[in-house]
Each structure stands twice: as structure tokens, then as C-alpha cells.
Amino acid sequence: MFEYRCSSIDWKPSPIVALATSPDGSQVAAAREDGSLELWLVSPGAVSWHCPIIVHGDPKSRISFLAWIGVGSKGSSRLLSSSIDGTISEWDLFDLKQKVVLESIGVSIWQMAVAPPSVKTGSELIQNGYLSEKSDEEEESGSEDELVTKSEVCDRRLAAAYKLTYYRSLPRVSGRALSVTWSLEGQRIFSGSSDGLIRCWDANLCHEVYRITVGLGGLGNGSELCIWSLLALRCGVLVSGDSTGTVQFWDSQHGTLLQAHSNHKGDVNALAAAPSHDRVFSAGADGQLILYKLAGGTFKSQDLKPSFTKKWDYIGCARAHTHDIRALTVAVPISSEGTFPDSHAKRKSRKQRKKDKPTGFSYHKWAHMGVPMLISAGDDAKLFAYSVQEFTKFPPHDICPAPQRVPMQMVHNTVFNQTSLLMVQESCSLDILRIHISSDCSGRVSTKPLVRVKSKDGRKIICSAISNTGSRFAYSDQIRPSLFELEKNKLAKNPWSPNRKRLPSLPFAHSMVFSCDSSRLIIAGHDRKIYIVDIDSMELLDTLTPRQEGQESESPPREPPITKMYTSSDDHWLAAINCFGDIYVFDLENQRQHWFMSRLDGASVAAAGFHPRDNNMFVISTSSNQVFALDVEARELGKWSLRHSFCLPKSFQEFPGEVVGLSFSPSPSSSSVIIYSSRAKCLIEFGKPTEQGEEMDLTFGSNLSDKVEGRIASIGLEKLGSGNRKRRLDEYKKESKKGKEIEAFEMGTWKHPVLYLRHLSKSATLVVEKPWMEVIKGLDSQPVHRHIFGT
């Protein structure tokens, strides 16, 4: 298949300024400079991580720190962020909202620290000092007094109602408080400031115990030195990172210096420790990530006695980032989305020899459930994962090869002389581009801007859509949705102009889509309802409420927000998917819900779409790299899924990068679909059997048909009669005995990150890509200078 390539699209991802790990270690929250927050699922055994939730916060609020607090003993938690404007916000990961829980008191908040739980003896391990099982947590925030340049450390307590209430202030001191941390027993608070001092405070009496002058004997002194990061270890050692690039280890009981390392060539912005507290990682403005290891063994969970005679050795460094590293965190995968049980995964089958190792090959060797991994992020907008235990042995793993991928949508054969249009969603604007395909054999594609629509007051655009005719497009910001009609007037100075249409009063949306005949706009509001608007009359035709089976039709909506929507080519079906992967199928002709399916195989939906050849076939790709073809009308798995969804080729299950989209062939004689990520693609021919040419993942062996019964029941078939289920299983067993025939899976990788793919014809596709080096040149901050030896 011939690929036409376009690289003229602007792509400028926002830097990551803060990271936080959930109390159970299975999720990582990443806050970006533009105010958005991403939630990443820690992937223990697959190349691709998955980002199921993106919350669009206030772009004017400069987030400085994230703190994920465990509340109660039932696993509930709260995700809080501090901002330079002095506010503290809570991120609602169910309603996808940012809520300010503490208004500004006139000072900037640089950092927060959560009080550790009471130290327990026994085998329980306190990971990172942040695992909490108390409902009454204390939180420290380092803040800057902008008027008199004094420091203030405010002690805030989560009350029984889980509200942030003012508790106590510590005495003001000179300088700005830039960093703060608790001792592991929770009796002392350490703060670092811009005057080069580390202060130790008694948490109960709120008075200063001692202070450390960091600059003495170091590379800086006095007002020239800033303490950017502090870390308290279980052995009684306090670690500091400062603006001179020095990482120092201190006796936290008396404030004496134990050891100093000056390996960084710039500010040390972040520190992190392994769960065993025998390894410390530092990251800084030079793009380096350095490991220090305690000489002579590790600490046990019950060994809380200070040990100051052992040394911390410099082990090695990694340089994965091109820009400053701003944040570090440690995650421990505890589960795997949609994977087989470990007992079956341990069964090995014969492997084929390969000349080249696949992308992320080494990641499989160290990324396992229960094995801690280090996550780094910075100004290059990237996330990297490292092995904590074998840091120098394996290279870093690129978690998101295409951070903040630009949403776009192409429409072919529009009403404007069959011109192909491409709609590109920027942060605060929409661009409509005309696509021009070169007539030579170069395969290059150029774009010409037609119109640009900016959001009011620079509000962030959440979602957008364009009709198949190309004449209408819409978007929604954090206030309301907006609809425009694209008109062409040859007599005007600018022949293209967008005309705003007045929509009914509707809430802002998390997702929107036009019907295939372009007569209706379907909006998934933040109030968990779906609104259908007639574009010609601008009337609200109907309101649909997604519900699980068994819920009363008159009850208020309780389902999570809808973040993805797809319509069939005959406008009969509407599939709506919430942020956790549950699927609701609506019959648009009868205006009612037709089917509900909980998370397929326990995984989120990465991409989906109705097949144009069969309007009843809904194809889904999950975050666990599984593909399902659902028969929507019959409310069951299609025959293709019964044969192949549980034994896909291993090369597809190790698909590099997170799946971001599907593209169906427009030819009525073709049944193919392309599933793609930013790094690779896979073409699946649903109706083309081929000889088995690669190893299949038959991890269940000959007992596969018995094991798959539970898998089928877990994705919705348990709601059918036992006779129907037995019939479908008999079909599966019959199909699985047909021999060595599988559907064609053609894999391919890309050199540059791919943002979008769409079929132009049966034998040609449009690929929108961008070399990463060009993206780096367009970032606001400059890359870290690295000396090239020999120059």
C-alpha cells in the first residue's frame, strides 16, 4: 500500500512539570505546563503504556507539584496539585474536572509533601514514604511570600469530611521556601529555601530544631544557592539537591554532612528513592539521571536505626531526555490490563529467530508485575521508564513516543469540488487545511490553510468534529460547544469564511461527532448525557442517557463521562465509550439504548469504529493490544473474534506504542482495517485467510476453548441464554479446528512519530508525521548542550 506523507502540521507538546504515583503504585499522573493532566496506567509486560484519562485544567494556572493521597482503608485516594498562583486544586478523575479546594492566600506554592503513615513494625514496606491508610492526612506546602520575600510553611490537615482546612503556620524566615519533606516517623519537617539553608522543624511544637548551611564547602554559598529538592530516607539520612548541581547526604538527627556528589552540570530539580531506600536517583537541568547506591546492602522494613557509617556510591547515569528533567517518581505495577494469568504466561512456546530485535525489546526483560520502575519527565514533554534494580543494565523505555498528539480529522470528496480537507485541533484554535497531493512519485503531501477559528478568551479546546461534507465543523471548550459553517465566496478578499451557527443551550462536551449524512451533530456533554441536534433547524431532537443494564430509566445519570463516539455509515448505530472503557450502543432510529458492554477483557478502549462494509460490525482495539469485532445487532462477538481475538499473533500483542486510531478501506470490495500507533501500523484483512507464518500466542495450549469460555463470559456474553452461549462456544471450537489458517496481519514500523493516518483509496493512505528533531527545535526551551568530543 502506497503512503502519501505530510509533515507540515505544527506540533508543539507542552512540558511536563510534575509527576505523582497513586498509593498502590499502578498509575502515574503527569501534569503539563498548559494545565492539562494525564493519567497513565503502568504497563508491566507490554511495550505500550496507556493514557485512558486526560483532564483539561485551567491553562492559566501554572502547576508546580502533584500529591496523590491515600484516604481510608478501602483504596480511595485524592489527587491534589499546587500552583504558582497560590491555589491548591483537586482533580476529579471520575467527572474529569479540576476543582480549586484552597484559594490563594497571596503566596506562591512551590512544593507539597504528604505526611507519612505511622511507622509499623513487621514485614510491611512503606514505599517511597507516601503510602497512606489513614483518613486524616497532613500536608505541607512550601510557599513564597511575594511581598516581603519571607518563607512560610503551612500545615494543612484533611478533616473527616476530606476538606482542606488551615491548621498551623511555622515561623517566617528569610528566603523563599522551595522544597519540603517529612521525616519518615512524621515528627520532623525539613524545608529548603533560596538562601542556601535547610531547616529542621519540630512538627508538633512548630519550632526550628536546627539549620544546615548547604553552601559551606560546596560550590555556592548564601543567596546564590537554592535547595530545589529534599528527600528523607528510612535510615535517617536526608538527601538534598541544589542549584549548584550537588547532591548531598546529611545526618538528619544532627544536621551534619555525610557525603557530597557534584556530578550534575546544572540545577538538581528532583530526587527519588527506590522502595527499599538503598538507591537514590537525582535528575537535573543537564538532562542527566544519576543513580547513587548505598554501599554494603539494603535496609529491611524493620531496620529503622540510623546508619551513618556507610557510603553512598555513584553508580552511573542515563541521558534519555534532550531537555531539563523536571520530575521523578517510582511506580510498582500491580496488575496487567487484560493479560492472561501468570500461570499460563509462564508456559513457553517455541520462538522464531529474528535478525533485528523489536522496539522495546529490553523492556520485556525487566518490566514485570511487582518490580519497581522509575519514571522521569521534563521540558521535552517525554516520559521515560527505567529499571530501579538494574538501572545501568537496560536502556530507558520511551513511554509516549508522541506526547500530546495533535487531534485531527480528514474528510475526503467534500462538497467543495471534491477537495480533501484536514481539520487540526490546536490548544486554543481550529485550523481547516486543504490537502494537495503531489502528482509525481515522491509521495509528498502539502497543506494550505483555509480558515482558523480561535476559541473565545483563549479557552482550551477539549474536542472537535467536522462533517463528511466538509461544510460544517464544531468544537467545545470548557464553557460551551460551538458550531460553524464553512462557506466559499470567490468575490471576497478571503474566499473562505467560517460562519458561526447558534446552537441550543448545551453543556460543554467531552466528545462530539457528526452523523454520516451531516444532518445531525451529536454531543456528549459533561453532565453525562448525549444530545442530538438537527443542524438545519438548530433544534434539540433527542437526549440519550447512557445506562448500565438494570438501571432505572428515570434515575439521574451516574455513568462516567463519554470521551469517544462513533456512528455507523447508515446512521443506524451510535457507539459511545466512557473514559474507563465501558461501551454503550444506541439505536438512533428508535432513539433508545440497544446494548451495554463493560470493559472488554478488563481493558480500556484505545480506538474503535464501525466497518463501512458491514454497519453492524464494530471493531475495537483495547489498551491490552486485543482486537474485537462485535456484532452490534446480535449483541455478541462476531465470528472473526471467536476465531482470533484470543490467539492474535505475538507480533501484534507486542505492538509498539499506544494504539491511537483505526482506518478502514473505502473500497466496497475490501474488508481491511489499519490499526496504528505513533510508531507502527498493522493491516488486518478480516476476510483473507493466509497460511500461518508466525507463532501464535496460544498460551492456554490445547485447553484454549475451555479457558476462553470464561473470557467470553467476562465481556458480555454472560447476559445471553446458556443455550446461545453453548452454541457460540461450539462454533468457536469448530472454527479453531480448521487448521493453520489465520487472518492476514501485516506489520510495519515508522521512522518518525505518526500523528494521523487515513485511507485515500483502497491502495493509498495519508500519513501525517513529524520528525522528532523538528519538534524539539520548536519547543520554547532550548535543548541541553552536549559537547561532541573531537570538535
# chains A, B, ... in the order shown; residues from 1 in each chain; ligands from 1
call {"tool": "residues_around", "arguments": {"residues": "Thr244 of chain A", "least_positions_apart": "3", "cutoff": "12 Å", "atoms": "only C-alpha atoms", "output": "number ranges by chain"}}
result
A: 196, 214-215, 217-222, 224-228, 240-241, 247-248, 260-269, 284-286
call {"tool": "residues_around", "arguments": {"residues": "segment 50-53 of chain A", "least_positions_apart": "5", "cutoff": "7 Å", "atoms": "only C-alpha atoms", "output": "VMD selection string"}}
result
chain A and resid 38 to 41 579 to 580 604 623 658
call {"tool": "closest_residue", "arguments": {"among": "A:Cys235, A:Val101, A:Ala634, A:Leu178", "to": "Trp250 of chain A", "atoms": "only C-alpha atoms"}}
result
A:Cys235
call {"tool": "closest_residue", "arguments": {"among": "A:Gly458, A:Pro401, A:Gly316, A:Gly186", "to": "Asp477 of chain A", "atoms": "only C-alpha atoms"}}
result
A:Gly458
call {"tool": "closest_atom_pairs", "arguments": {"of": "segment 239-310 of chain A", "to": "segment 387-392 of chain A", "cutoff": "12 Å", "atoms": "only C-alpha atoms", "output": "JSON lines"}}
result
{"residue": "A:Ala272", "atom": "CA", "partner": "A:Val388", "partner_atom": "CA", "distance": 10.5}
{"residue": "A:Ala273", "atom": "CA", "partner": "A:Val388", "partner_atom": "CA", "distance": 9.1}
{"residue": "A:Ala274", "atom": "CA", "partner": "A:Val388", "partner_atom": "CA", "distance": 6.6}
{"residue": "A:Pro275", "atom": "CA", "partner": "A:Val388", "partner_atom": "CA", "distance": 9.2}
{"residue": "A:Ser276", "atom": "CA", "partner": "A:Gln389", "partner_atom": "CA", "distance": 10.0}
{"residue": "A:His277", "atom": "CA", "partner": "A:Val388", "partner_atom": "CA", "distance": 11.0}
{"residue": "A:Asp278", "atom": "CA", "partner": "A:Gln389", "partner_atom": "CA", "distance": 10.1}
{"residue": "A:Arg279", "atom": "CA", "partner": "A:Val388", "partner_atom": "CA", "distance": 8.1}
{"residue": "A:Val280", "atom": "CA", "partner": "A:Val388", "partner_atom": "CA", "distance": 9.5}
{"residue": "A:Phe281", "atom": "CA", "partner": "A:Val388", "partner_atom": "CA", "distance": 9.2}
{"residue": "A:Leu289", "atom": "CA", "partner": "A:Phe391", "partner_atom": "CA", "distance": 10.1}
{"residue": "A:Ile290", "atom": "CA", "partner": "A:Phe391", "partner_atom": "CA", "distance": 9.4}
{"residue": "A:Leu291", "atom": "CA", "partner": "A:Phe391", "partner_atom": "CA", "distance": 7.7}
{"residue": "A:Tyr292", "atom": "CA", "partner": "A:Phe391", "partner_atom": "CA", "distance": 10.5}
{"residue": "A:Lys293", "atom": "CA", "partner": "A:Gln389", "partner_atom": "CA", "distance": 10.3}
{"residue": "A:Thr298", "atom": "CA", "partner": "A:Gln389", "partner_atom": "CA", "distance": 11.7}
call {"tool": "write_last_selection", "arguments": {"atoms": "C-alpha atoms", "output": "PDB file, in the first residue's frame"}}
result
ATOM      1  CA  ALA A 272      13.548   9.881  44.183  1.00  0.00           C
ATOM      2  CA  ALA A 273      14.301   6.730  46.176  1.00  0.00           C
ATOM      3  CA  ALA A 274      13.755   3.047  45.496  1.00  0.00           C
ATOM      4  CA  PRO A 275      11.106   1.399  47.706  1.00  0.00           C
ATOM      5  CA  SER A 276      13.947  -0.319  49.592  1.00  0.00           C
ATOM      6  CA  HIS A 277      15.573   3.104  50.221  1.00  0.00           C
ATOM      7  CA  ASP A 278      19.012   1.754  49.291  1.00  0.00           C
ATOM      8  CA  ARG A 279      19.077   3.588  45.947  1.00  0.00           C
ATOM      9  CA  VAL A 280      18.654   7.314  45.320  1.00  0.00           C
ATOM     10  CA  PHE A 281      18.091   8.931  41.916  1.00  0.00           C
ATOM     11  CA  LEU A 289      19.549  10.978  35.629  1.00  0.00           C
ATOM     12  CA  ILE A 290      22.089   9.668  38.165  1.00  0.00           C
ATOM     13  CA  LEU A 291      21.950   6.649  40.477  1.00  0.00           C
ATOM     14  CA  TYR A 292      23.564   6.570  43.933  1.00  0.00           C
ATOM     15  CA  LYS A 293      23.636   3.282  45.813  1.00  0.00           C
ATOM     16  CA  THR A 298      19.829  -2.810  51.744  1.00  0.00           C
TER      17      THR A 298
END
call {"tool": "residues_around", "arguments": {"residues": "Ala385 of chain A", "least_positions_apart": "6", "cutoff": "12 Å", "atoms": "only C-alpha atoms", "output": "number ranges by chain"}}
result
A: 28, 42-44, 47-49, 289, 318, 320-321, 328-332, 360, 362-363, 366-367, 372-377, 391, 394-400
call {"tool": "residues_around", "arguments": {"residues": "Leu630 of chain A", "least_positions_apart": "5", "cutoff": "8 Å", "atoms": "only C-alpha atoms", "output": "PyMOL selection string"}}
result
chain A and resi 616-620+635-638+641
call {"tool": "atom_distance", "arguments": {"atom1": "atom CA of Leu683 of chain A", "atom2": "atom CA of Gln653 of chain A"}}
result
13.7 Å
call {"tool": "closest_residue", "arguments": {"among": "A:Val767, A:Ile105, A:Met423, A:Ala29", "to": "Arg78 of chain A", "atoms": "only C-alpha atoms"}}
result
A:Ala29
call {"tool": "residues_around", "arguments": {"residues": "Phe664 of chain A", "least_positions_apart": "2", "cutoff": "7 Å", "atoms": "only C-alpha atoms", "output": "count of residues only"}}
result
7
call {"tool": "closest_residue", "arguments": {"among": "A:Ser22, A:Asn204, A:Ser651, A:Thr246", "to": "Glu746 of chain A", "atoms": "only C-alpha atoms"}}
result
A:Ser651
call {"tool": "atom_distance", "arguments": {"atom1": "atom CA of Val173 of chain A", "atom2": "atom CA of Trp68 of chain A"}}
result
28.3 Å
